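Accompanying notes for the structure given below.
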Amino acid sequence: MANLPMNFEGIEQQSLRDFTEKAYLDYSMYVILDRALPMLADGLKPVQRRIIYAMSELGLAAGAKHKKSARTVGDVIGKFHPHGDSACYEAMVHMAQPFSYRYPIVDGQGNWGSPDDPKSFAAMRYTESKLRAYAETLLGELEQGTVDWVPNFDGTMEEPSLLPARLPNVLLNGTQGIAVGMATDIPPHNLREVVNATIHLMDNPEATGRELAKFVPGPDFPTGAEIITPKSELRAMYETGNGTFRARATYVEEDGDIVITQLPYQVSGSKVQEQIAAQMRNKKLPMLEDLRDESDHEDPTRLVLVPRSNRVDVEQLMAHLFATTDLERAYRVNINVIALDGRPRVMGLRDVLAQWITFRLGTVRRRLQHRLEKVLRRLHILDGLLIAFLNLDEVIRIVRTADEPKPVLMATFGLSNEQAEAILETKLRHLARLEEMKIRGEQAELAAERDGLQAILADDSKLRSLVRSELQADAEKHGDKRRTKLVEREAAQAIDESTLVPTEPVTVVLSTLGWVRQAKGHDIDPASLSYKAGDSFKAAARGKSTQQAVFLDSTGRTYSLLTHTLPSSRGQGEPISGRLDPPDGAIFAGVLIGDGSEKYLLSSDAGYGFVAPLEAMFAGKRAGKAVLTVPEGAKVFAPCLVPAAGKALVAVASSEGRLLVFPVADVPELDKGRGNKLFGLPPARGGLVDETLMGVAVVPEGGKLYVQCGERRMTLTFNELREYHGERGQRGGLLPRGWRTVSYLEV
């Protein structure tokens, strides 16, 4: 900034680009270092560290009484953390929730939230808090010269730059955070497992991440559940510090019911209930009769699923729920921490433990050095006191007669300033002969302690042995058994929706305006249903609720929808265009139902058509698929079912009263296209079409053909149709006089 150009008024000038770049970088580094990422040393973010330190300063140790949380929050934001009180209190609550922290640091009294809604905690004016015993592992050595102290935000007091953690808290409780350009996701782990891995690395500095993964096989959630990711993937995750794993709820069977006893980390039981209930409402779980929440204080998680019968496949049902609800969840791991050099870095398990061991050895060395200095200082004072007791009469004479006794004492007995000051501060009651014995006893004890401290500081192996024993003692005191099981399982697969739907006969009804609905049973009369004003019956298809309904539009495109997803016939249905994306102006010509093996005759009034399997008409997209090529201006006829057996006939009628009948076997089978000529229409003359097709039908062997002519209907038996037999592509024979104004054909 000193080299920046200045204007005539002495104001520094800087380009907007340089200023914004520097401002953004400064902000991003602040967010990374002072808000979002934890320190590797103590595993805490600044707000967490300040809360813990402020509570210790308030005397809120594990053995003290609870105090109002507002008192703590006030101290934190007033002395160390000048930010919002709600954010500070939320961080404090998080450290108190046993379902959020594997080893909670704060002991809360009152409403501190629930697993269903972690943010449902009461206001800080209602709750009370103090530190838990685990906090002693973070604070116990704070006043023993183990950490550096820095000024607080206004420079009126000092705060620790970090806490002298005796355990690798960064792995034990884990953390999450989003900074600028980076994030961290560290899952919680088991204390005893992490300590065992740490001790192994101390004893074997060349140990690999794969070896350490034997001691720390995976995360350990406070809520239990089970991790189903293969061990090989977990090992790879710990070697790189990046990866994902999946956790799944646990359940037991009790008297035919399914009881979910543990949920994955950070999963809400009420949300899981909503997800399952929604499937039950949508009839996607027909094998489930009831769902109850029997959770209480004794059983924090107890969700009871009641199957409809004892024939329900429990494993299949639970696999479906694992795949479609939060009962199974994936977790991202990104061990991004602020390393000992003050820089953020993604580390594997070995690097984290190696750096933490370096930090711990340095901390213990500082603690021992601090204690050694105090011991040496005390021994120095005791040496002076002992000289005074051995020359008590002379000391008393000097004190009584000298104007400035301190320099006289120092000159007479060769004392230091501290020794002379200590002699002068000694009370008369301590001049007894017994005090000399106490001094000599204290000297012996401190001398032994001095020798021990110097021996440890001079021998790295002894220092490591001390750290190892302290780790083992803390692990014994604060550790517990693993809660989260490690069970390799395949990722859950949802049950095919069609298998969940009961197989029932249904009739799908399509209206002229393109409204669709489905009615149970095959014995309904579609034309008698209620339709909107200006609408009427168009087409119907009968099939099963588990089959797909295929819709054909006037452009020759087909669309498919699962039959059971269509609205009920109790109402007037819904516009099919709301579920599909047909071309503008397209009109739906017909509807089909089947499992895919059925065959249908597709045709248009241009005189062309072909037989297509229903399977070729299934479309997975809303926009459908092009199946029938329709010439411009031509009309698509409703599809005609081709019988699987027998010698069925194709009947084609024209506007001139001609009827052509030929075997359906003469029509080619295609998946898509225009097809072959069915009826020989004469070419247009002068741009005008004299004759068009009025209908196409497929008559099964032994069936009847109904020819609608205005208000009258002619019935032709299968044998009577022989009179109109011809070759495919011909014009056929004329119908009797009075029956030549054909409207449509029907079977």
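By order in the structure tokens, chains are A, B, ...; within a chain, residues start at 1; ligands start at 1, following the order shown.
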
Near Val550 (chain A), within 8 Å and counting only C-alpha atoms, which residues show up once chain neighbours fewer than 3 positions away are dropped, as a PyMOL selection string? chain A and resi 558-561+591-593+617-618

Take the residues from that selection and write them out as a short mmCIF file (atom, residue, chain, number, x, y, z; two decimals), in the first residue's frame, keeping N, CA, C and O atoms.
data_model
loop_
_atom_site.label_atom_id
_atom_site.label_comp_id
_atom_site.auth_asym_id
_atom_site.auth_seq_id
_atom_site.Cartn_x
_atom_site.Cartn_y
_atom_site.Cartn_z
N THR A 558 -46.52 -42.14 -30.04
CA THR A 558 -47.12 -42.90 -28.94
C THR A 558 -46.48 -42.47 -27.62
O THR A 558 -45.32 -42.05 -27.57
N TYR A 559 -47.25 -42.62 -26.55
CA TYR A 559 -46.83 -42.25 -25.20
C TYR A 559 -47.31 -43.35 -24.26
O TYR A 559 -48.34 -43.98 -24.52
N SER A 560 -46.58 -43.57 -23.17
CA SER A 560 -47.01 -44.61 -22.23
C SER A 560 -46.97 -44.09 -20.80
O SER A 560 -46.10 -43.31 -20.42
N LEU A 561 -47.96 -44.53 -20.01
CA LEU A 561 -48.08 -44.20 -18.60
C LEU A 561 -48.48 -45.45 -17.85
O LEU A 561 -49.21 -46.30 -18.38
N VAL A 591 -56.27 -45.44 -27.22
CA VAL A 591 -55.52 -45.89 -26.05
C VAL A 591 -55.44 -47.41 -26.09
O VAL A 591 -56.38 -48.10 -26.51
N LEU A 592 -54.29 -47.96 -25.67
CA LEU A 592 -54.05 -49.40 -25.67
C LEU A 592 -53.49 -49.79 -24.32
O LEU A 592 -52.86 -48.99 -23.63
N ILE A 593 -53.71 -51.05 -23.93
CA ILE A 593 -53.16 -51.59 -22.68
C ILE A 593 -52.64 -52.99 -22.95
O ILE A 593 -53.29 -53.76 -23.67
N MET A 617 -44.28 -49.57 -28.90
CA MET A 617 -44.93 -48.28 -28.69
C MET A 617 -44.67 -47.70 -27.31
O MET A 617 -45.02 -46.55 -27.05
N PHE A 618 -44.07 -48.50 -26.40
CA PHE A 618 -43.75 -47.97 -25.08
C PHE A 618 -42.75 -46.82 -25.21
O PHE A 618 -41.75 -46.94 -25.93
#

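The protein and nucleic acid residues lying at most 7 Å from region 363-378 of chain A are Gln144, Gly145, Thr146, Pro164, Phe359, Arg360, Ile381, Leu382, Leu446, Arg450, Leu453 and Leu457 of chain A, with only C-alpha atoms considered and sequence neighbours fewer than 3 positions away removed.
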
How would the residues just chosen look if you wrote them out with all heavy atoms as a CSV table (one decimal), in the first residue's frame?
chain,number,residue,atom,x,y,z
A,144,GLN,N,-0.8,-24.2,32.0
A,144,GLN,CA,0.5,-24.8,32.3
A,144,GLN,C,1.6,-24.5,31.2
A,144,GLN,O,2.5,-25.3,30.9
A,144,GLN,CB,0.4,-26.3,32.5
A,144,GLN,CG,-0.5,-26.7,33.6
A,144,GLN,CD,-0.7,-28.2,33.7
A,144,GLN,OE1,0.2,-29.0,33.4
A,144,GLN,NE2,-1.8,-28.6,34.3
A,145,GLY,N,1.4,-23.3,30.6
A,145,GLY,CA,2.4,-22.9,29.6
A,145,GLY,C,2.4,-23.6,28.3
A,145,GLY,O,3.4,-23.7,27.6
A,146,THR,N,1.2,-24.3,28.0
A,146,THR,CA,1.2,-25.1,26.8
A,146,THR,C,0.8,-24.5,25.6
A,146,THR,O,1.0,-25.0,24.5
A,146,THR,CB,0.2,-26.3,27.1
A,146,THR,OG1,-1.1,-25.7,27.5
A,146,THR,CG2,0.7,-27.2,28.2
A,164,PRO,N,-5.1,-27.0,24.6
A,164,PRO,CA,-4.1,-28.1,24.6
A,164,PRO,C,-4.8,-29.4,24.7
A,164,PRO,O,-4.8,-30.1,25.8
A,164,PRO,CB,-3.3,-27.8,25.9
A,164,PRO,CG,-4.3,-27.0,26.8
A,164,PRO,CD,-5.2,-26.2,25.9
A,359,PHE,N,2.0,-32.2,17.5
A,359,PHE,CA,1.4,-31.2,18.3
A,359,PHE,C,1.4,-31.6,19.8
A,359,PHE,O,1.8,-30.9,20.7
A,359,PHE,CB,0.0,-30.9,17.9
A,359,PHE,CG,-0.9,-30.2,18.9
A,359,PHE,CD1,-0.7,-28.9,19.3
A,359,PHE,CD2,-1.8,-31.0,19.6
A,359,PHE,CE1,-1.5,-28.3,20.2
A,359,PHE,CE2,-2.6,-30.4,20.6
A,359,PHE,CZ,-2.4,-29.0,20.9
A,360,ARG,N,1.0,-32.9,20.1
A,360,ARG,CA,0.9,-33.3,21.4
A,360,ARG,C,2.3,-33.4,22.1
A,360,ARG,O,2.4,-33.1,23.3
A,360,ARG,CB,0.2,-34.7,21.5
A,360,ARG,CG,0.0,-35.3,22.9
A,360,ARG,CD,-0.9,-34.3,23.7
A,360,ARG,NE,-1.0,-34.7,25.1
A,360,ARG,CZ,-1.3,-33.9,26.1
A,360,ARG,NH1,-1.5,-32.6,25.8
A,360,ARG,NH2,-1.4,-34.4,27.3
A,381,ILE,N,14.3,-20.4,45.5
A,381,ILE,CA,13.8,-19.7,46.7
A,381,ILE,C,14.0,-20.5,48.0
A,381,ILE,O,14.4,-19.9,49.0
A,381,ILE,CB,12.2,-19.5,46.5
A,381,ILE,CG1,12.0,-18.7,45.3
A,381,ILE,CG2,11.6,-18.9,47.8
A,381,ILE,CD1,12.5,-17.3,45.4
A,382,LEU,N,13.9,-21.9,47.9
A,382,LEU,CA,14.1,-22.7,49.1
A,382,LEU,C,15.6,-22.6,49.6
A,382,LEU,O,15.9,-22.6,50.8
A,382,LEU,CB,13.7,-24.1,48.8
A,382,LEU,CG,12.2,-24.4,48.7
A,382,LEU,CD1,11.9,-25.8,48.3
A,382,LEU,CD2,11.4,-24.0,50.0
A,446,LEU,N,11.2,-31.7,45.4
A,446,LEU,CA,11.3,-30.9,44.2
A,446,LEU,C,12.5,-31.3,43.4
A,446,LEU,O,12.6,-31.3,42.2
A,446,LEU,CB,11.3,-29.4,44.5
A,446,LEU,CG,10.0,-28.8,45.0
A,446,LEU,CD1,10.2,-27.4,45.3
A,446,LEU,CD2,8.9,-29.0,44.0
A,450,ARG,N,12.5,-32.5,39.7
A,450,ARG,CA,13.4,-31.8,38.7
A,450,ARG,C,14.2,-32.8,37.9
A,450,ARG,O,14.3,-32.8,36.7
A,450,ARG,CB,14.4,-30.9,39.5
A,450,ARG,CG,15.4,-30.2,38.6
A,450,ARG,CD,16.5,-29.7,39.4
A,450,ARG,NE,17.2,-30.8,40.1
A,450,ARG,CZ,17.9,-30.6,41.2
A,450,ARG,NH1,18.1,-29.4,41.7
A,450,ARG,NH2,18.5,-31.6,41.8
A,453,LEU,N,11.8,-34.6,35.5
A,453,LEU,CA,11.5,-33.7,34.4
A,453,LEU,C,12.6,-33.6,33.4
A,453,LEU,O,12.4,-33.7,32.2
A,453,LEU,CB,11.0,-32.4,34.9
A,453,LEU,CG,9.7,-32.3,35.7
A,453,LEU,CD1,9.5,-31.0,36.3
A,453,LEU,CD2,8.5,-32.7,34.8
A,457,LEU,N,12.6,-34.7,29.5
A,457,LEU,CA,12.9,-33.7,28.4
A,457,LEU,C,14.1,-34.1,27.6
A,457,LEU,O,14.3,-33.7,26.4
A,457,LEU,CB,13.0,-32.3,29.1
A,457,LEU,CG,11.7,-31.7,29.6
A,457,LEU,CD1,12.0,-30.5,30.4
A,457,LEU,CD2,10.8,-31.4,28.4

Please provide as a ChimeraX atom specification all residues within 10 Å of region 643-649 of chain A, with the sequence filter that same-chain residues fewer than 3 positions apart are discarded (counting only C-alpha atoms). /A:597-600,640,652,660-666,697-703,718,721-722,725

I need the residues of region 199-335 of chain A that end up classed as helix (DSSP H, G or I) by DSSP on the backbone, written out as a PDB file with N, CA and C atoms, in the first residue's frame.
ATOM      1  N   ILE A 199      -1.420 -44.443  19.231  1.00  0.00           N
ATOM      2  CA  ILE A 199      -0.321 -45.113  19.940  1.00  0.00           C
ATOM      3  C   ILE A 199       0.474 -46.000  18.991  1.00  0.00           C
ATOM      4  N   HIS A 200      -0.228 -46.698  18.095  1.00  0.00           N
ATOM      5  CA  HIS A 200       0.468 -47.549  17.123  1.00  0.00           C
ATOM      6  C   HIS A 200       1.383 -46.718  16.231  1.00  0.00           C
ATOM      7  N   LEU A 201       0.911 -45.539  15.805  1.00  0.00           N
ATOM      8  CA  LEU A 201       1.733 -44.683  14.956  1.00  0.00           C
ATOM      9  C   LEU A 201       2.916 -44.112  15.731  1.00  0.00           C
ATOM     10  N   MET A 202       2.711 -43.827  17.022  1.00  0.00           N
ATOM     11  CA  MET A 202       3.835 -43.357  17.834  1.00  0.00           C
ATOM     12  C   MET A 202       4.902 -44.431  17.965  1.00  0.00           C
ATOM     13  N   ASP A 203       4.469 -45.661  18.138  1.00  0.00           N
ATOM     14  CA  ASP A 203       5.414 -46.766  18.294  1.00  0.00           C
ATOM     15  C   ASP A 203       6.023 -47.199  16.960  1.00  0.00           C
ATOM     16  N   GLY A 209      -1.237 -45.941   6.156  1.00  0.00           N
ATOM     17  CA  GLY A 209      -2.652 -45.678   6.395  1.00  0.00           C
ATOM     18  C   GLY A 209      -3.472 -46.951   6.425  1.00  0.00           C
ATOM     19  N   ARG A 210      -3.062 -47.949   5.631  1.00  0.00           N
ATOM     20  CA  ARG A 210      -3.780 -49.225   5.621  1.00  0.00           C
ATOM     21  C   ARG A 210      -3.660 -49.925   6.974  1.00  0.00           C
ATOM     22  N   GLU A 211      -2.484 -49.829   7.606  1.00  0.00           N
ATOM     23  CA  GLU A 211      -2.305 -50.432   8.925  1.00  0.00           C
ATOM     24  C   GLU A 211      -3.155 -49.711   9.968  1.00  0.00           C
ATOM     25  N   LEU A 212      -3.185 -48.383   9.889  1.00  0.00           N
ATOM     26  CA  LEU A 212      -3.958 -47.618  10.864  1.00  0.00           C
ATOM     27  C   LEU A 212      -5.455 -47.866  10.703  1.00  0.00           C
ATOM     28  N   ALA A 213      -5.877 -48.165   9.461  1.00  0.00           N
ATOM     29  CA  ALA A 213      -7.300 -48.430   9.230  1.00  0.00           C
ATOM     30  C   ALA A 213      -7.762 -49.697   9.948  1.00  0.00           C
ATOM     31  N   LYS A 214      -6.830 -50.557  10.343  1.00  0.00           N
ATOM     32  CA  LYS A 214      -7.206 -51.734  11.129  1.00  0.00           C
ATOM     33  C   LYS A 214      -7.660 -51.324  12.528  1.00  0.00           C
ATOM     34  N   PHE A 215      -7.076 -50.241  13.034  1.00  0.00           N
ATOM     35  CA  PHE A 215      -7.473 -49.748  14.354  1.00  0.00           C
ATOM     36  C   PHE A 215      -8.705 -48.841  14.260  1.00  0.00           C
ATOM     37  N   LYS A 231     -15.077 -52.564   3.317  1.00  0.00           N
ATOM     38  CA  LYS A 231     -13.889 -52.116   4.045  1.00  0.00           C
ATOM     39  C   LYS A 231     -12.832 -51.555   3.108  1.00  0.00           C
ATOM     40  N   SER A 232     -12.750 -52.097   1.909  1.00  0.00           N
ATOM     41  CA  SER A 232     -11.749 -51.600   0.959  1.00  0.00           C
ATOM     42  C   SER A 232     -12.007 -50.144   0.610  1.00  0.00           C
ATOM     43  N   GLU A 233     -13.278 -49.762   0.467  1.00  0.00           N
ATOM     44  CA  GLU A 233     -13.605 -48.371   0.160  1.00  0.00           C
ATOM     45  C   GLU A 233     -13.340 -47.469   1.361  1.00  0.00           C
ATOM     46  N   LEU A 234     -13.601 -47.977   2.562  1.00  0.00           N
ATOM     47  CA  LEU A 234     -13.316 -47.190   3.760  1.00  0.00           C
ATOM     48  C   LEU A 234     -11.808 -46.968   3.914  1.00  0.00           C
ATOM     49  N   ARG A 235     -11.021 -48.007   3.623  1.00  0.00           N
ATOM     50  CA  ARG A 235      -9.561 -47.853   3.707  1.00  0.00           C
ATOM     51  C   ARG A 235      -9.075 -46.811   2.706  1.00  0.00           C
ATOM     52  N   ALA A 236      -9.605 -46.861   1.495  1.00  0.00           N
ATOM     53  CA  ALA A 236      -9.209 -45.877   0.481  1.00  0.00           C
ATOM     54  C   ALA A 236      -9.600 -44.470   0.917  1.00  0.00           C
ATOM     55  N   MET A 237     -10.742 -44.354   1.584  1.00  0.00           N
ATOM     56  CA  MET A 237     -11.199 -43.051   2.086  1.00  0.00           C
ATOM     57  C   MET A 237     -10.225 -42.498   3.119  1.00  0.00           C
ATOM     58  N   TYR A 238      -9.744 -43.350   4.009  1.00  0.00           N
ATOM     59  CA  TYR A 238      -8.824 -42.902   5.054  1.00  0.00           C
ATOM     60  C   TYR A 238      -7.423 -42.614   4.503  1.00  0.00           C
ATOM     61  N   GLU A 239      -7.060 -43.266   3.420  1.00  0.00           N
ATOM     62  CA  GLU A 239      -5.736 -43.022   2.851  1.00  0.00           C
ATOM     63  C   GLU A 239      -5.671 -41.661   2.158  1.00  0.00           C
ATOM     64  N   THR A 240      -6.778 -41.240   1.529  1.00  0.00           N
ATOM     65  CA  THR A 240      -6.773 -39.986   0.772  1.00  0.00           C
ATOM     66  C   THR A 240      -7.400 -38.822   1.527  1.00  0.00           C
ATOM     67  N   GLY A 269     -36.323 -38.911  12.550  1.00  0.00           N
ATOM     68  CA  GLY A 269     -37.321 -39.974  12.570  1.00  0.00           C
ATOM     69  C   GLY A 269     -38.654 -39.512  12.031  1.00  0.00           C
ATOM     70  N   SER A 270     -39.040 -38.269  12.319  1.00  0.00           N
ATOM     71  CA  SER A 270     -40.323 -37.763  11.823  1.00  0.00           C
ATOM     72  C   SER A 270     -40.307 -37.635  10.309  1.00  0.00           C
ATOM     73  N   LYS A 271     -39.158 -37.264   9.741  1.00  0.00           N
ATOM     74  CA  LYS A 271     -39.078 -37.166   8.285  1.00  0.00           C
ATOM     75  C   LYS A 271     -39.195 -38.541   7.640  1.00  0.00           C
ATOM     76  N   VAL A 272     -38.561 -39.533   8.267  1.00  0.00           N
ATOM     77  CA  VAL A 272     -38.679 -40.898   7.752  1.00  0.00           C
ATOM     78  C   VAL A 272     -40.141 -41.343   7.789  1.00  0.00           C
ATOM     79  N   GLN A 273     -40.821 -41.022   8.884  1.00  0.00           N
ATOM     80  CA  GLN A 273     -42.247 -41.352   8.980  1.00  0.00           C
ATOM     81  C   GLN A 273     -43.029 -40.715   7.847  1.00  0.00           C
ATOM     82  N   GLU A 274     -42.767 -39.445   7.570  1.00  0.00           N
ATOM     83  CA  GLU A 274     -43.476 -38.751   6.495  1.00  0.00           C
ATOM     84  C   GLU A 274     -43.210 -39.419   5.151  1.00  0.00           C
ATOM     85  N   GLN A 275     -41.957 -39.830   4.923  1.00  0.00           N
ATOM     86  CA  GLN A 275     -41.621 -40.469   3.654  1.00  0.00           C
ATOM     87  C   GLN A 275     -42.350 -41.797   3.489  1.00  0.00           C
ATOM     88  N   ILE A 276     -42.402 -42.577   4.570  1.00  0.00           N
ATOM     89  CA  ILE A 276     -43.099 -43.869   4.489  1.00  0.00           C
ATOM     90  C   ILE A 276     -44.602 -43.651   4.362  1.00  0.00           C
ATOM     91  N   ALA A 277     -45.144 -42.704   5.138  1.00  0.00           N
ATOM     92  CA  ALA A 277     -46.586 -42.431   5.075  1.00  0.00           C
ATOM     93  C   ALA A 277     -46.998 -41.951   3.694  1.00  0.00           C
ATOM     94  N   ALA A 278     -46.161 -41.162   3.044  1.00  0.00           N
ATOM     95  CA  ALA A 278     -46.481 -40.675   1.703  1.00  0.00           C
ATOM     96  C   ALA A 278     -46.582 -41.836   0.722  1.00  0.00           C
ATOM     97  N   GLN A 279     -45.689 -42.815   0.855  1.00  0.00           N
ATOM     98  CA  GLN A 279     -45.773 -43.987  -0.018  1.00  0.00           C
ATOM     99  C   GLN A 279     -47.032 -44.796   0.276  1.00  0.00           C
ATOM    100  N   MET A 280     -47.405 -44.867   1.541  1.00  0.00           N
ATOM    101  CA  MET A 280     -48.625 -45.605   1.882  1.00  0.00           C
ATOM    102  C   MET A 280     -49.850 -44.908   1.302  1.00  0.00           C
ATOM    103  N   ARG A 281     -49.874 -43.571   1.375  1.00  0.00           N
ATOM    104  CA  ARG A 281     -51.012 -42.829   0.807  1.00  0.00           C
ATOM    105  C   ARG A 281     -51.096 -43.008  -0.701  1.00  0.00           C
ATOM    106  N   VAL A 314     -40.005 -59.461   4.637  1.00  0.00           N
ATOM    107  CA  VAL A 314     -39.502 -58.333   5.430  1.00  0.00           C
ATOM    108  C   VAL A 314     -38.232 -57.749   4.820  1.00  0.00           C
ATOM    109  N   GLU A 315     -37.313 -58.611   4.394  1.00  0.00           N
ATOM    110  CA  GLU A 315     -36.053 -58.118   3.833  1.00  0.00           C
ATOM    111  C   GLU A 315     -36.304 -57.306   2.567  1.00  0.00           C
ATOM    112  N   GLN A 316     -37.211 -57.782   1.727  1.00  0.00           N
ATOM    113  CA  GLN A 316     -37.520 -57.050   0.493  1.00  0.00           C
ATOM    114  C   GLN A 316     -38.178 -55.710   0.811  1.00  0.00           C
ATOM    115  N   LEU A 317     -39.083 -55.706   1.784  1.00  0.00           N
ATOM    116  CA  LEU A 317     -39.749 -54.466   2.177  1.00  0.00           C
ATOM    117  C   LEU A 317     -38.741 -53.460   2.717  1.00  0.00           C
ATOM    118  N   MET A 318     -37.855 -53.903   3.610  1.00  0.00           N
ATOM    119  CA  MET A 318     -36.883 -52.989   4.190  1.00  0.00           C
ATOM    120  C   MET A 318     -35.877 -52.508   3.147  1.00  0.00           C
ATOM    121  N   ALA A 319     -35.516 -53.391   2.214  1.00  0.00           N
ATOM    122  CA  ALA A 319     -34.610 -52.963   1.143  1.00  0.00           C
ATOM    123  C   ALA A 319     -35.244 -51.844   0.327  1.00  0.00           C
ATOM    124  N   HIS A 320     -36.539 -51.966   0.087  1.00  0.00           N
ATOM    125  CA  HIS A 320     -37.246 -50.907  -0.642  1.00  0.00           C
ATOM    126  C   HIS A 320     -37.243 -49.600   0.145  1.00  0.00           C
ATOM    127  N   LEU A 321     -37.493 -49.692   1.456  1.00  0.00           N
ATOM    128  CA  LEU A 321     -37.507 -48.478   2.286  1.00  0.00           C
ATOM    129  C   LEU A 321     -36.104 -47.877   2.398  1.00  0.00           C
ATOM    130  N   PHE A 322     -35.085 -48.730   2.460  1.00  0.00           N
ATOM    131  CA  PHE A 322     -33.721 -48.210   2.490  1.00  0.00           C
ATOM    132  C   PHE A 322     -33.423 -47.416   1.219  1.00  0.00           C
ATOM    133  N   ALA A 323     -33.941 -47.895   0.091  1.00  0.00           N
ATOM    134  CA  ALA A 323     -33.639 -47.250  -1.188  1.00  0.00           C
ATOM    135  C   ALA A 323     -34.465 -45.994  -1.426  1.00  0.00           C
ATOM    136  N   THR A 324     -35.634 -45.890  -0.785  1.00  0.00           N
ATOM    137  CA  THR A 324     -36.545 -44.784  -1.114  1.00  0.00           C
ATOM    138  C   THR A 324     -36.728 -43.784   0.015  1.00  0.00           C
TER     139      THR A 324
END

In Å to one decimal, how far is CA of Ile439 (chain A) from CA of Pro405 (chain A)?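 The value is 22.7 Å.
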
Identify, on the basis of only C-alpha atoms, every residue whose closest approach to region 524-541 of chain A does not exceed 12 Å; exclude the query and any residue fewer than 5 positions from it along the same chain; express the result as a ChimeraX atom specification. /A:505-519,547-552,563,568-575,587-594,637-641

Selection near Phe153 (chain A), 8 Å with only C-alpha atoms, sequence-local residues under 5 positions removed, as a PDB file with N, CA, C and O atoms, in the first residue's frame:
ATOM      1  N   LYS A  79     -16.659 -10.666  25.108  1.00  0.00           N
ATOM      2  CA  LYS A  79     -15.217 -10.670  25.373  1.00  0.00           C
ATOM      3  C   LYS A  79     -14.378 -11.225  24.230  1.00  0.00           C
ATOM      4  O   LYS A  79     -13.256 -10.766  24.010  1.00  0.00           O
ATOM      5  N   PHE A  80     -14.912 -12.230  23.507  1.00  0.00           N
ATOM      6  CA  PHE A  80     -14.042 -12.925  22.563  1.00  0.00           C
ATOM      7  C   PHE A  80     -14.576 -13.021  21.134  1.00  0.00           C
ATOM      8  O   PHE A  80     -13.789 -13.072  20.200  1.00  0.00           O
ATOM      9  N   HIS A  81     -15.879 -13.078  20.952  1.00  0.00           N
ATOM     10  CA  HIS A  81     -16.450 -13.413  19.639  1.00  0.00           C
ATOM     11  C   HIS A  81     -17.541 -12.407  19.282  1.00  0.00           C
ATOM     12  O   HIS A  81     -18.732 -12.668  19.525  1.00  0.00           O
ATOM     13  N   PRO A  82     -17.202 -11.271  18.718  1.00  0.00           N
ATOM     14  CA  PRO A  82     -18.198 -10.218  18.463  1.00  0.00           C
ATOM     15  C   PRO A  82     -19.079 -10.508  17.255  1.00  0.00           C
ATOM     16  O   PRO A  82     -18.997  -9.849  16.221  1.00  0.00           O
TER      17      PRO A  82
END

Just list as a PyMOL selection string whatever in region 129-193 of chain A DSSP marks as strand (DSSP E or B). chain A and resi 129-131+149-151+158-160+175-178+183-186

Two-atom distance - CA of Thr629 (chain A), CA of Gly556 (chain A) (Å):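 Separation between CA of Thr629 (chain A) and CA of Gly556 (chain A): 5.9 Å.
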
Mind pulling up the distance from CA of Ala330 (chain A) to CA of Ala247 (chain A)? 6.4 Å

Among listed residues A:Glu226, A:Glu720, A:Glu90, A:Asp383, nearest Ala249 (chain A) (using only C-alpha atoms): A:Glu226

Which residue, A:Glu193, A:Glu490, A:Glu746, A:Glu289, has the smallest gap to Val216 (chain A) when you use only C-alpha atoms?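 Looking only at the distances to Val216 (chain A), the closest residue turns out to be A:Glu193.
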
When you count only C-alpha atoms, which of these residues is closest to Thr208 (chain A): A:Val252, A:Ala70, A:Val667, A:Ala354?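 Between A:Val252, A:Ala70, A:Val667, A:Ala354, the residue approaching Thr208 (chain A) most closely is A:Ala354.
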
If you count only C-alpha atoms, which residues fall within 10 Å of Ala41 (chain A), apart from same-chain ones fewer than 4 positions away, as an MDAnalysis selection string? chainID A and resid 162:170 337:340 352:353 355:360 363
